[in-house]
Amino acid sequence: MSELRVKDNYRTNELSLEPGGHEVTVIHESGKSFVYDKVKRPGMYIKSISGRDKGHGAIVEILLDGTSVWTSGSGREPWEI
């Protein structure tokens with residue numbers, strides 16, 4: 001599995017440039033994971049990215065501050081954490 005920490009210049013929400021908040025890790029079926037830090041509203045953020053694929057396949061797991069909060073077989077929507 002390869003992990004990519006998303007840099008500030010790729011962030012679209014100005015709040016994600018301010019210190020503090022949570023770390024959200026999104027793991028795709030391709031094995032790639034993307035780590036977003038300084039997330040202020042993780043539920044809203046996860047809802048906004050849950051429909052995206054961008055060529056990495058479906059999301060299979062989401063971690064919040066290092067703890068698994070959602071998996072594709074959970075029967076819940078990703079933002080219902």
# chains A, B, ... in the order shown; residues from 1 in each chain; ligands from 1

call {"tool": "residues_around", "arguments": {"residues": "Thr71 (chain A)", "least_positions_apart": "5", "cutoff": "10 Å", "atoms": "only C-alpha atoms", "output": "list in words"}}
result
Ile27, Ile59, Val60, Glu61, Ile62, Leu63, Arg76, Glu77 and Pro78 of chain A

call {"tool": "residues_around", "arguments": {"residues": "Gly66 (chain A)", "least_positions_apart": "2", "cutoff": "12 Å", "atoms": "only C-alpha atoms", "output": "PDB file with N, CA and C atoms, in the first residue's frame"}}
result
ATOM      1  N   HIS A  22      -8.389  17.505  12.456  1.00  0.00           N
ATOM      2  CA  HIS A  22      -8.250  16.059  12.423  1.00  0.00           C
ATOM      3  C   HIS A  22      -7.462  15.606  11.201  1.00  0.00           C
ATOM      4  N   GLU A  23      -7.044  14.338  11.260  1.00  0.00           N
ATOM      5  CA  GLU A  23      -6.385  13.721  10.118  1.00  0.00           C
ATOM      6  C   GLU A  23      -7.308  12.634   9.571  1.00  0.00           C
ATOM      7  N   VAL A  24      -7.631  12.729   8.280  1.00  0.00           N
ATOM      8  CA  VAL A  24      -8.491  11.762   7.617  1.00  0.00           C
ATOM      9  C   VAL A  24      -7.648  11.008   6.599  1.00  0.00           C
ATOM     10  N   THR A  25      -7.654   9.675   6.694  1.00  0.00           N
ATOM     11  CA  THR A  25      -6.954   8.832   5.733  1.00  0.00           C
ATOM     12  C   THR A  25      -7.987   8.071   4.929  1.00  0.00           C
ATOM     13  N   VAL A  26      -7.888   8.170   3.608  1.00  0.00           N
ATOM     14  CA  VAL A  26      -8.823   7.516   2.706  1.00  0.00           C
ATOM     15  C   VAL A  26      -8.062   6.427   1.956  1.00  0.00           C
ATOM     16  N   ILE A  27      -8.500   5.183   2.116  1.00  0.00           N
ATOM     17  CA  ILE A  27      -7.835   4.049   1.483  1.00  0.00           C
ATOM     18  C   ILE A  27      -8.719   3.541   0.347  1.00  0.00           C
ATOM     19  N   VAL A  35      -3.725  10.910   2.834  1.00  0.00           N
ATOM     20  CA  VAL A  35      -3.857  11.448   4.185  1.00  0.00           C
ATOM     21  C   VAL A  35      -4.066  12.955   4.087  1.00  0.00           C
ATOM     22  N   TYR A  36      -5.168  13.414   4.660  1.00  0.00           N
ATOM     23  CA  TYR A  36      -5.513  14.832   4.687  1.00  0.00           C
ATOM     24  C   TYR A  36      -5.450  15.285   6.140  1.00  0.00           C
ATOM     25  N   ASP A  37      -4.600  16.268   6.437  1.00  0.00           N
ATOM     26  CA  ASP A  37      -4.498  16.765   7.804  1.00  0.00           C
ATOM     27  C   ASP A  37      -5.237  18.097   7.928  1.00  0.00           C
ATOM     28  N   GLU A  61     -11.817   1.981   2.945  1.00  0.00           N
ATOM     29  CA  GLU A  61     -11.708   2.247   4.376  1.00  0.00           C
ATOM     30  C   GLU A  61     -11.382   3.719   4.612  1.00  0.00           C
ATOM     31  N   ILE A  62     -11.886   4.233   5.733  1.00  0.00           N
ATOM     32  CA  ILE A  62     -11.584   5.603   6.139  1.00  0.00           C
ATOM     33  C   ILE A  62     -11.121   5.564   7.586  1.00  0.00           C
ATOM     34  N   LEU A  63      -9.995   6.237   7.827  1.00  0.00           N
ATOM     35  CA  LEU A  63      -9.452   6.358   9.176  1.00  0.00           C
ATOM     36  C   LEU A  63      -9.600   7.799   9.635  1.00  0.00           C
ATOM     37  N   LEU A  64      -9.957   7.994  10.881  1.00  0.00           N
ATOM     38  CA  LEU A  64     -10.033   9.321  11.482  1.00  0.00           C
ATOM     39  C   LEU A  64      -9.052   9.338  12.635  1.00  0.00           C
ATOM     40  N   SER A  68      -9.833   3.334  12.432  1.00  0.00           N
ATOM     41  CA  SER A  68     -10.778   2.989  11.376  1.00  0.00           C
ATOM     42  C   SER A  68     -12.191   3.345  11.823  1.00  0.00           C
ATOM     43  N   VAL A  69     -12.875   4.167  11.022  1.00  0.00           N
ATOM     44  CA  VAL A  69     -14.240   4.579  11.354  1.00  0.00           C
ATOM     45  C   VAL A  69     -15.257   4.110  10.322  1.00  0.00           C
ATOM     46  N   TRP A  70     -14.758   3.596   9.188  1.00  0.00           N
ATOM     47  CA  TRP A  70     -15.665   3.121   8.147  1.00  0.00           C
ATOM     48  C   TRP A  70     -14.944   2.135   7.253  1.00  0.00           C
TER      49      TRP A  70
END

call {"tool": "residues_around", "arguments": {"residues": "Asn13 (chain A)", "least_positions_apart": "5", "cutoff": "12 Å", "atoms": "only C-alpha atoms", "output": "list in words"}}
result
Asp8, Glu18, Tyr36, Asp37, Lys38, Val39, Lys40, Arg41, Met44, Tyr45 and Ser48 of chain A

call {"tool": "write_last_selection", "arguments": {"atoms": "N, CA, C and O atoms", "output": "PDB file, in the first residue's frame"}}
result
ATOM      1  N   ASP A   8      -0.638  21.132   1.206  1.00  0.00           N
ATOM      2  CA  ASP A   8      -1.541  22.275   1.312  1.00  0.00           C
ATOM      3  C   ASP A   8      -1.918  22.880  -0.030  1.00  0.00           C
ATOM      4  O   ASP A   8      -3.043  23.326  -0.217  1.00  0.00           O
ATOM      5  N   GLU A  18      -5.227  26.162   8.019  1.00  0.00           N
ATOM      6  CA  GLU A  18      -5.022  26.630   9.390  1.00  0.00           C
ATOM      7  C   GLU A  18      -4.650  25.449  10.293  1.00  0.00           C
ATOM      8  O   GLU A  18      -5.164  24.340  10.106  1.00  0.00           O
ATOM      9  N   TYR A  36      -5.168  13.414   4.660  1.00  0.00           N
ATOM     10  CA  TYR A  36      -5.513  14.832   4.687  1.00  0.00           C
ATOM     11  C   TYR A  36      -5.450  15.285   6.140  1.00  0.00           C
ATOM     12  O   TYR A  36      -6.151  14.741   6.999  1.00  0.00           O
ATOM     13  N   ASP A  37      -4.600  16.268   6.437  1.00  0.00           N
ATOM     14  CA  ASP A  37      -4.498  16.765   7.804  1.00  0.00           C
ATOM     15  C   ASP A  37      -5.237  18.097   7.928  1.00  0.00           C
ATOM     16  O   ASP A  37      -5.721  18.642   6.950  1.00  0.00           O
ATOM     17  N   LYS A  38      -5.355  18.573   9.135  1.00  0.00           N
ATOM     18  CA  LYS A  38      -5.989  19.863   9.437  1.00  0.00           C
ATOM     19  C   LYS A  38      -7.450  19.931   8.972  1.00  0.00           C
ATOM     20  O   LYS A  38      -7.947  20.980   8.591  1.00  0.00           O
ATOM     21  N   VAL A  39      -8.152  18.800   8.987  1.00  0.00           N
ATOM     22  CA  VAL A  39      -9.564  18.755   8.603  1.00  0.00           C
ATOM     23  C   VAL A  39     -10.389  19.182   9.803  1.00  0.00           C
ATOM     24  O   VAL A  39     -10.323  18.568  10.869  1.00  0.00           O
ATOM     25  N   LYS A  40     -11.169  20.231   9.643  1.00  0.00           N
ATOM     26  CA  LYS A  40     -11.938  20.802  10.758  1.00  0.00           C
ATOM     27  C   LYS A  40     -13.281  20.109  10.962  1.00  0.00           C
ATOM     28  O   LYS A  40     -13.756  19.996  12.077  1.00  0.00           O
ATOM     29  N   ARG A  41     -13.925  19.689   9.885  1.00  0.00           N
ATOM     30  CA  ARG A  41     -15.236  19.032   9.974  1.00  0.00           C
ATOM     31  C   ARG A  41     -15.158  17.705   9.229  1.00  0.00           C
ATOM     32  O   ARG A  41     -15.551  17.612   8.061  1.00  0.00           O
ATOM     33  N   MET A  44     -18.306  16.215   7.249  1.00  0.00           N
ATOM     34  CA  MET A  44     -18.608  16.941   6.010  1.00  0.00           C
ATOM     35  C   MET A  44     -17.535  16.681   4.958  1.00  0.00           C
ATOM     36  O   MET A  44     -17.837  16.546   3.777  1.00  0.00           O
ATOM     37  N   TYR A  45     -16.292  16.615   5.390  1.00  0.00           N
ATOM     38  CA  TYR A  45     -15.208  16.378   4.442  1.00  0.00           C
ATOM     39  C   TYR A  45     -15.348  14.989   3.813  1.00  0.00           C
ATOM     40  O   TYR A  45     -15.247  14.832   2.601  1.00  0.00           O
ATOM     41  N   SER A  48     -17.980  14.883   1.238  1.00  0.00           N
ATOM     42  CA  SER A  48     -17.623  15.546  -0.019  1.00  0.00           C
ATOM     43  C   SER A  48     -16.705  14.694  -0.894  1.00  0.00           C
ATOM     44  O   SER A  48     -16.722  14.821  -2.111  1.00  0.00           O
TER      45      SER A  48
END

call {"tool": "select_by_dssp", "arguments": {"residues": "chain A", "states": "strand (DSSP E or B)", "output": "VMD selection string"}}
result
chain A and resid 2 to 5 22 to 28 32 to 39 59 to 64 67 to 71

call {"tool": "closest_residue", "arguments": {"among": "A:Pro42, A:Gly21, A:Phe34, A:His28", "to": "Arg5 (chain A)", "atoms": "only C-alpha atoms"}}
result
A:Phe34

call {"tool": "atom_distance", "arguments": {"atom1": "CA of Ser30 (chain A)", "atom2": "CA of Ile46 (chain A)"}}
result
18.5 Å

call {"tool": "closest_residue", "arguments": {"among": "A:Gly75, A:Lys32, A:Leu4, A:Gly43", "to": "Ala58 (chain A)", "atoms": "only C-alpha atoms"}}
result
A:Lys32

call {"tool": "select_by_dssp", "arguments": {"residues": "chain A", "states": "alpha helix (DSSP H)", "output": "PyMOL selection string"}}
result
chain A and resi 42-49

call {"tool": "closest_residue", "arguments": {"among": "A:Gly73, A:Lys7, A:His56, A:Thr67", "to": "Ser33 (chain A)", "atoms": "only C-alpha atoms"}}
result
A:His56
